[in-house]
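Colleague: Next up, model_25.txt (compact mmCIF, C-alpha atoms).
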```txt
# COMPACT_ATOMS: atom_id res chain seq x y z
CA MET R 152 105.11 -105.38 103.20
CA THR R 153 105.08 -107.35 99.95
CA ILE R 154 106.23 -110.90 99.33
CA LEU R 155 107.84 -110.91 95.89
CA LEU R 156 108.73 -114.10 94.00
CA ILE R 157 111.15 -113.75 91.10
CA PRO R 158 111.25 -116.46 88.40
CA GLY R 159 114.27 -117.59 86.43
CA LEU R 160 115.16 -117.88 82.76
CA LEU R 161 112.06 -118.59 80.63
CA CYS R 162 110.05 -119.08 83.82
CA ASP R 163 106.88 -117.48 85.18
CA ALA R 164 104.38 -117.90 88.01
CA TYR R 165 104.09 -121.63 87.28
CA CYS R 166 107.38 -122.23 89.12
CA TRP R 167 106.01 -120.54 92.23
CA GLN R 168 102.54 -122.12 92.28
CA PRO R 169 103.29 -124.42 95.26
CA VAL R 170 104.14 -121.25 97.23
CA THR R 171 101.36 -119.00 95.93
CA ASP R 172 98.86 -121.75 96.74
CA ARG R 173 99.71 -121.10 100.40
CA ILE R 174 100.45 -117.37 100.73
CA GLU R 175 99.56 -114.14 99.01
CA ALA R 176 102.52 -113.02 96.93
CA GLU R 177 103.42 -111.09 93.80
CA VAL R 178 105.37 -112.67 90.95
CA ALA R 179 107.81 -110.46 89.08
CA ASP R 180 107.72 -110.05 85.31
CA LEU R 181 111.21 -110.27 83.78
CA SER R 182 110.08 -110.68 80.19
CA SER R 183 111.08 -107.28 78.79
CA GLN R 184 114.46 -106.41 80.31
CA ASP R 185 117.93 -107.36 79.08
CA SER R 186 120.04 -106.79 82.20
CA ILE R 187 120.02 -108.07 85.77
CA SER R 188 120.33 -104.53 87.13
CA ARG R 189 117.37 -103.32 85.06
CA MET R 190 115.31 -106.27 86.24
CA ALA R 191 116.15 -105.44 89.86
CA ASP R 192 115.43 -101.75 89.41
CA ASP R 193 112.09 -102.45 87.74
CA CYS R 194 111.08 -104.77 90.59
CA LEU R 195 111.96 -102.14 93.18
CA LYS R 196 109.94 -99.53 91.30
CA ALA R 197 106.95 -101.82 90.77
CA TYR R 198 106.48 -102.74 94.43
CA ALA R 199 106.59 -100.03 97.10
CA GLY R 200 107.65 -100.38 100.71
CA THR R 201 109.47 -103.23 102.40
CA LEU R 202 109.91 -106.53 100.59
CA GLN R 203 110.39 -110.19 101.39
CA VAL R 204 112.04 -111.49 98.25
CA ALA R 205 112.57 -115.01 96.92
CA GLY R 206 114.30 -115.70 93.64
CA HIS R 207 114.91 -118.89 91.68
CA SER R 208 117.93 -119.32 89.39
CA MET R 209 118.30 -116.10 87.36
CA GLY R 210 115.60 -114.62 89.58
CA ALA R 211 117.83 -115.12 92.62
CA ARG R 212 120.56 -113.09 90.92
CA VAL R 213 117.96 -110.35 90.49
CA ALA R 214 116.98 -110.70 94.16
CA MET R 215 120.59 -110.30 95.27
CA GLU R 216 120.93 -107.21 93.11
CA MET R 217 117.79 -105.77 94.71
CA ALA R 218 119.28 -106.34 98.17
CA ARG R 219 122.43 -104.55 97.05
CA MET R 220 120.53 -101.62 95.55
CA ALA R 221 117.98 -101.19 98.35
CA PRO R 222 119.23 -102.82 101.56
CA ASP R 223 116.78 -100.75 103.60
CA ARG R 224 113.81 -102.25 101.73
CA VAL R 225 114.68 -105.94 101.36
CA GLU R 226 113.95 -107.43 104.79
CA ARG R 227 114.33 -111.12 103.95
CA LEU R 228 115.95 -112.90 101.05
CA ALA R 229 115.53 -116.46 99.76
CA LEU R 230 117.91 -117.67 97.05
CA LEU R 231 117.04 -120.93 95.29
CA ASP R 232 119.14 -122.98 92.84
CA THR R 233 121.38 -120.14 91.77
CA GLY R 234 124.97 -118.89 91.82
CA ILE R 235 127.13 -115.84 92.33
CA HIS R 236 130.01 -116.57 89.97
CA PRO R 237 130.76 -114.29 87.02
CA LEU R 238 130.88 -115.61 83.46
CA LYS R 239 132.77 -118.89 83.07
CA ASP R 240 135.08 -119.73 80.18
CA GLY R 241 133.02 -120.78 77.18
CA GLU R 242 129.68 -119.91 78.82
CA ALA R 243 128.94 -116.93 76.58
CA GLU R 244 129.48 -119.03 73.48
CA SER R 245 127.32 -121.92 74.69
CA ARG R 246 124.51 -119.59 75.70
CA ARG R 247 124.61 -117.74 72.38
CA GLU R 248 124.46 -121.07 70.58
CA LEU R 249 121.21 -121.81 72.44
CA VAL R 250 119.83 -118.41 71.37
CA GLU R 251 120.62 -119.24 67.75
CA TYR R 252 119.13 -122.71 68.20
CA ALA R 253 115.86 -121.23 69.46
CA TYR R 254 115.62 -118.82 66.53
CA GLU R 255 116.35 -121.61 64.06
CA HIS R 256 114.24 -124.41 65.54
CA GLY R 257 111.64 -122.68 67.73
CA MET R 258 110.81 -122.66 71.42
CA GLU R 259 109.38 -126.18 71.55
CA ALA R 260 112.67 -127.60 70.27
CA LEU R 261 114.55 -125.44 72.75
CA ALA R 262 112.39 -126.72 75.60
CA ALA R 263 112.99 -130.34 74.57
CA ARG R 264 116.74 -129.75 74.62
CA TRP R 265 117.09 -127.40 77.60
CA LEU R 266 114.64 -128.70 80.20
CA PRO R 267 115.53 -132.38 80.82
CA PRO R 268 119.06 -131.78 82.18
CA MET R 269 117.59 -129.26 84.62
CA VAL R 270 115.34 -131.88 86.26
CA TYR R 271 116.57 -134.82 88.36
CA GLU R 272 115.88 -137.85 86.17
CA PRO R 273 113.47 -139.69 88.51
CA ASN R 274 111.35 -136.53 88.63
CA ARG R 275 110.90 -136.22 84.86
CA THR R 276 107.25 -137.24 84.90
CA LYS R 277 105.04 -136.40 81.95
CA ALA R 278 102.99 -134.00 84.08
CA LEU R 279 106.01 -132.00 85.24
CA MET R 280 107.78 -131.93 81.89
CA ASP R 281 104.55 -130.96 80.11
CA GLY R 282 104.01 -128.14 82.61
CA LEU R 283 107.57 -126.87 82.20
CA THR R 284 107.30 -127.07 78.41
CA GLU R 285 104.03 -125.14 78.39
CA MET R 286 105.73 -122.48 80.53
CA VAL R 287 108.65 -122.15 78.10
CA LEU R 288 106.19 -121.86 75.21
CA ARG R 289 104.61 -118.83 76.88
CA SER R 290 107.92 -117.10 76.16
CA ASP R 291 109.37 -116.41 72.73
CA GLU R 292 112.75 -116.31 71.05
CA ASP R 293 113.22 -112.58 71.67
CA GLN R 294 112.56 -112.88 75.40
CA HIS R 295 115.01 -115.79 75.54
CA ALA R 296 117.65 -113.67 73.79
CA ARG R 297 117.10 -110.75 76.18
CA GLN R 298 117.38 -112.91 79.26
CA ILE R 299 120.48 -114.68 77.95
CA LYS R 300 122.05 -111.26 77.35
CA ALA R 301 121.26 -110.39 80.97
CA LEU R 302 122.92 -113.57 82.21
CA VAL R 303 125.98 -113.19 80.00
CA ASN R 304 126.50 -109.66 81.34
CA ARG R 305 125.54 -110.44 84.93
CA PRO R 306 127.27 -108.70 87.83
CA ASP R 307 129.70 -110.54 90.07
CA ALA R 308 127.55 -110.93 93.15
CA SER R 309 130.39 -112.41 95.20
CA ALA R 310 131.88 -108.92 95.40
CA TYR R 311 128.97 -107.58 97.47
CA LEU R 312 127.44 -110.64 99.14
CA PRO R 313 129.17 -109.91 102.49
CA ASP R 314 127.29 -106.59 102.57
CA ILE R 315 123.86 -108.25 102.45
CA ARG R 316 122.89 -108.23 106.12
CA CYS R 317 119.25 -109.29 105.98
CA GLU R 318 118.18 -112.78 107.04
CA THR R 319 118.78 -115.07 104.06
CA LEU R 320 117.61 -118.58 103.23
CA VAL R 321 119.71 -120.42 100.64
CA MET R 322 118.14 -123.51 99.08
CA VAL R 323 119.30 -125.98 96.43
CA GLY R 324 118.32 -129.36 95.06
CA ARG R 325 120.80 -132.06 96.00
CA GLN R 326 120.96 -133.21 92.37
CA ASP R 327 121.11 -129.73 90.81
CA GLU R 328 123.87 -130.17 88.24
CA TRP R 329 123.55 -126.66 86.80
CA SER R 330 123.89 -124.85 90.14
CA PRO R 331 125.43 -127.46 92.44
CA VAL R 332 125.39 -127.58 96.22
CA SER R 333 129.04 -126.46 96.38
CA ARG R 334 128.14 -123.06 94.93
CA HIS R 335 125.52 -122.55 97.59
CA GLU R 336 127.95 -123.55 100.31
CA ARG R 337 130.24 -120.80 98.98
CA MET R 338 127.35 -118.34 99.18
CA LEU R 339 126.82 -119.36 102.79
CA GLU R 340 130.46 -118.53 103.55
CA LEU R 341 130.01 -115.01 102.19
CA LEU R 342 126.57 -114.12 103.53
CA PRO R 343 126.67 -112.82 107.12
CA ASN R 344 123.16 -113.92 108.13
CA ALA R 345 122.20 -117.02 106.14
CA ARG R 346 121.33 -120.68 106.47
CA LEU R 347 121.44 -123.43 103.85
CA GLU R 348 118.75 -126.02 103.14
CA VAL R 349 119.55 -128.83 100.70
CA ILE R 350 116.47 -130.37 99.09
CA GLU R 351 116.85 -134.11 98.59
CA ASP R 352 115.83 -135.78 95.31
CA ALA R 353 115.62 -132.52 93.37
CA GLY R 354 117.46 -130.89 90.50
CA HIS R 355 117.49 -127.28 89.32
CA PHE R 356 113.69 -126.97 89.43
CA ALA R 357 113.51 -127.92 93.11
CA PRO R 358 110.42 -125.73 93.77
CA LEU R 359 108.45 -127.97 91.40
CA GLU R 360 110.32 -131.24 91.81
CA GLN R 361 109.80 -131.27 95.59
CA PRO R 362 107.02 -128.69 95.97
CA GLU R 363 105.85 -129.59 99.46
CA THR R 364 109.34 -129.68 100.94
CA VAL R 365 110.30 -126.35 99.40
CA ALA R 366 107.04 -124.66 100.37
CA ASP R 367 107.28 -126.03 103.92
CA LEU R 368 110.60 -124.22 104.29
CA LEU R 369 109.96 -121.14 102.22
CA VAL R 370 106.49 -120.08 103.29
CA PRO R 371 107.24 -119.69 107.03
CA PHE R 372 110.47 -117.90 106.20
CA LEU R 373 108.75 -115.37 103.94
CA LYS R 374 105.94 -114.84 106.43
CA GLY R 375 108.54 -114.04 109.08
```
Represent the structure from my file as structure tokens, please.
Modeller:
Amino acid sequence: MTILLIPGLLCDAYCWQPVTDRIEAEVADLSSQDSISRMADDCLKAYAGTLQVAGHSMGARVAMEMARMAPDRVERLALLDTGIHPLKDGEAESRRELVEYAYEHGMEALAARWLPPMVYEPNRTKALMDGLTEMVLRSDEDQHARQIKALVNRPDASAYLPDIRCETLVMVGRQDEWSPVSRHERMLELLPNARLEVIEDAGHFAPLEQPETVADLLVPFLKG
């Protein structure tokens, strides 16, 4: 059995450090693919046997796709700060504008623009924002473009969520404005075997904004 942690857009193992400090787990690499399905397929091929899977943001969309593709292998599923909706009106254009912005101004400028709205304002300490910025700078403009392409062409997970039968933990920061609590409540309505935990005083990066609270919930769940 493998515990697999899947990061989101422009994210890496840094986002999962509060969890990996406590348990042995693998962190997926989504830096080379340009579709959610390819990301899910690559994860399933990279790690044999049964899986306990947690995904954050885009990574949770990959985790859901893994559970759809291999329901016999995904034993537990944790979905953090994410969504199941298909593309919204105007979303493709706004995301492509960010891709162009990154190519024109560089990843540091992108980080300065993109990161602050993702973090609940009282949590925007220098240490956290510096850590998130350093993480973004480990990516490049091409990886950003690939991952945005994957998100723009993402599958509609709401169509198959009722078929995901494994035990599922849904988590979201109370102040997550990008993926609000209401979306996670909708996920709870569709998932047959799920519970919802709302993390107080946290935005979209809840695993880092409230690391102890998230790890206290997630680690026992993944350990089963």
Colleague: Any idea what the distance is between atom CA of R:Leu283 and atom CA of R:Leu359?
Modeller: 9.3 Å
Colleague: Could you give me, as a tab-separated table (two decimals) with C-alpha atoms, in the frame of the given file, the residues within 12 Å of R:Ile154, counting all atoms listed in the file and dropping anything in the same chain fewer than 3 positions from it?
Modeller:
```tsv
chain	number	residue	atom	x	y	z
R	157	ILE	CA	111.15	-113.75	91.10
R	167	TRP	CA	106.01	-120.54	92.23
R	170	VAL	CA	104.14	-121.25	97.23
R	171	THR	CA	101.36	-119.00	95.93
R	174	ILE	CA	100.45	-117.37	100.73
R	175	GLU	CA	99.56	-114.14	99.01
R	176	ALA	CA	102.52	-113.02	96.93
R	177	GLU	CA	103.42	-111.09	93.80
R	178	VAL	CA	105.37	-112.67	90.95
R	179	ALA	CA	107.81	-110.46	89.08
R	194	CYS	CA	111.08	-104.77	90.59
R	198	TYR	CA	106.48	-102.74	94.43
R	199	ALA	CA	106.59	-100.03	97.10
R	200	GLY	CA	107.65	-100.38	100.71
R	201	THR	CA	109.47	-103.23	102.40
R	202	LEU	CA	109.91	-106.53	100.59
R	203	GLN	CA	110.39	-110.19	101.39
R	204	VAL	CA	112.04	-111.49	98.25
R	205	ALA	CA	112.57	-115.01	96.92
R	206	GLY	CA	114.30	-115.70	93.64
R	214	ALA	CA	116.98	-110.70	94.16
R	224	ARG	CA	113.81	-102.25	101.73
R	225	VAL	CA	114.68	-105.94	101.36
R	226	GLU	CA	113.95	-107.43	104.79
R	227	ARG	CA	114.33	-111.12	103.95
R	228	LEU	CA	115.95	-112.90	101.05
R	229	ALA	CA	115.53	-116.46	99.76
R	369	LEU	CA	109.96	-121.14	102.22
R	370	VAL	CA	106.49	-120.08	103.29
R	371	PRO	CA	107.24	-119.69	107.03
R	372	PHE	CA	110.47	-117.90	106.20
R	373	LEU	CA	108.75	-115.37	103.94
R	374	LYS	CA	105.94	-114.84	106.43
R	375	GLY	CA	108.54	-114.04	109.08
```
Colleague: Can you list, as a list in words, every protein, DNA or RNA residue that comes within 9 Å of R:Arg297 when you count only C-alpha atoms, leaving out same-chain residues fewer than 6 positions away?
Modeller: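 That gives Ser182, Ser183, Gln184, Asp185 and Ser186 of chain R.
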Colleague: Near R:Pro158, counting all atoms listed in the file, which residues have an atom at most 8 Å away, once you skip same-chain residues fewer than 5 positions from it, shown as a PDB file with C-alpha atoms, keeping the file's coordinate frame?
Modeller:
```pdb
ATOM      1  CA  ASP R 163     106.880-117.480  85.180  1.00  0.00           C
ATOM      2  CA  ALA R 164     104.380-117.900  88.010  1.00  0.00           C
ATOM      3  CA  CYS R 166     107.380-122.230  89.120  1.00  0.00           C
ATOM      4  CA  TRP R 167     106.010-120.540  92.230  1.00  0.00           C
ATOM      5  CA  VAL R 178     105.370-112.670  90.950  1.00  0.00           C
ATOM      6  CA  ALA R 179     107.810-110.460  89.080  1.00  0.00           C
ATOM      7  CA  ASP R 180     107.720-110.050  85.310  1.00  0.00           C
ATOM      8  CA  LEU R 181     111.210-110.270  83.780  1.00  0.00           C
ATOM      9  CA  GLY R 206     114.300-115.700  93.640  1.00  0.00           C
ATOM     10  CA  HIS R 207     114.910-118.890  91.680  1.00  0.00           C
ATOM     11  CA  SER R 208     117.930-119.320  89.390  1.00  0.00           C
ATOM     12  CA  MET R 209     118.300-116.100  87.360  1.00  0.00           C
ATOM     13  CA  GLY R 210     115.600-114.620  89.580  1.00  0.00           C
ATOM     14  CA  ALA R 211     117.830-115.120  92.620  1.00  0.00           C
TER      15      ALA R 211
END
```
Colleague: From the list R:Leu231, R:Ala243, R:Leu266, R:Leu339, which residue is nearest R:Ala366 when using all atoms listed in the file?
Modeller: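 Of R:Leu231, R:Ala243, R:Leu266, R:Leu339, the one nearest R:Ala366, counting all atoms listed in the file, is R:Leu231.
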Colleague: Please compute the atom CA of R:Pro273-atom CA of R:Asp352 distance, one decimal, in Å.
Modeller: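 Atom CA of R:Asp352 lies 8.2 Å from atom CA of R:Pro273.
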Colleague: Please return the centre and edge lengths, in Å to one decimal, of a box with edges along x, y and z that contains all listed atoms of stretch 273-287 of chain R, widened by 6 Å on every side, as AutoDock Vina command-line options.
Modeller:
```
--center_x 108.2 --center_y -130.9 --center_z 83.4 --size_x 22.5 --size_y 29.5 --size_z 22.5
```
Colleague: Do you have the atom CA of R:Asp293-atom CA of R:Arg305 distance handy?
Modeller: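 According to the coordinates, atom CA of R:Asp293 and atom CA of R:Arg305 are separated by 18.2 Å.
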Colleague: Between R:Asp232, R:Glu251, R:Asp192, R:Asp367, single out the one closest to R:Ser333, counting only C-alpha atoms.
Modeller: R:Asp232
Colleague: List as a list in words the protein and nucleic acid residues near R:Thr319, meaning an atom at most 9 Å away when all atoms listed in the file are counted, but skip any in the same chain fewer than 3 places from it.
Modeller: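 My list of contacting residues is Arg227, Leu228, Ala229, Leu230, Ile315, Arg316, Leu342, Pro343, Asn344, Ala345, Arg346 and Leu347 of chain R.
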Colleague: Limited to C-alpha atoms, could you put the picked residues into a file as a PDB file, keeping the file's coordinate frame?
Modeller:
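After the write, selection-v3.pdb holds the following:
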```pdb
ATOM      1  CA  ARG R 227     114.330-111.120 103.950  1.00  0.00           C
ATOM      2  CA  LEU R 228     115.950-112.900 101.050  1.00  0.00           C
ATOM      3  CA  ALA R 229     115.530-116.460  99.760  1.00  0.00           C
ATOM      4  CA  LEU R 230     117.910-117.670  97.050  1.00  0.00           C
ATOM      5  CA  ILE R 315     123.860-108.250 102.450  1.00  0.00           C
ATOM      6  CA  ARG R 316     122.890-108.230 106.120  1.00  0.00           C
ATOM      7  CA  LEU R 342     126.570-114.120 103.530  1.00  0.00           C
ATOM      8  CA  PRO R 343     126.670-112.820 107.120  1.00  0.00           C
ATOM      9  CA  ASN R 344     123.160-113.920 108.130  1.00  0.00           C
ATOM     10  CA  ALA R 345     122.200-117.020 106.140  1.00  0.00           C
ATOM     11  CA  ARG R 346     121.330-120.680 106.470  1.00  0.00           C
ATOM     12  CA  LEU R 347     121.440-123.430 103.850  1.00  0.00           C
TER      13      LEU R 347
END
```
Colleague: Compile the contact shell of R:Glu272 as a PyMOL selection string: residues with an atom at most 12 Å away, counting all atoms listed in the file, same-chain residues fewer than 2 positions apart removed.
Modeller: chain R and resi 266-270+274-277+279-280+326-328+352-356+360
Colleague: Could you tell me which of R:Glu351, R:Glu285, R:Asp240, R:Glu216 comes closest to R:Ala310 if we count only C-alpha atoms?
Modeller: R:Glu216
Colleague: Choose the residue, out of R:Leu288, R:Val349, R:Leu238, R:Met220, that has the smallest atom-to-atom separation from R:Leu320; count only C-alpha atoms.
Modeller: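 Residue with the minimum atom-to-atom distance to R:Leu320: R:Val349.
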Colleague: I need the residue nearest R:Glu318 from this list: R:Ala260, R:Ile187, R:Pro222, R:Tyr165. Use all atoms listed in the file for the distance.
Modeller: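 For R:Glu318, the nearest of the given residues is R:Pro222.
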Colleague: Of the candidates R:Arg325, R:Lys300, R:His236, R:His295, which one gets nearest to R:Arg337 if we count all atoms listed in the file?
Modeller: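 Nearest to R:Arg337: R:His236.
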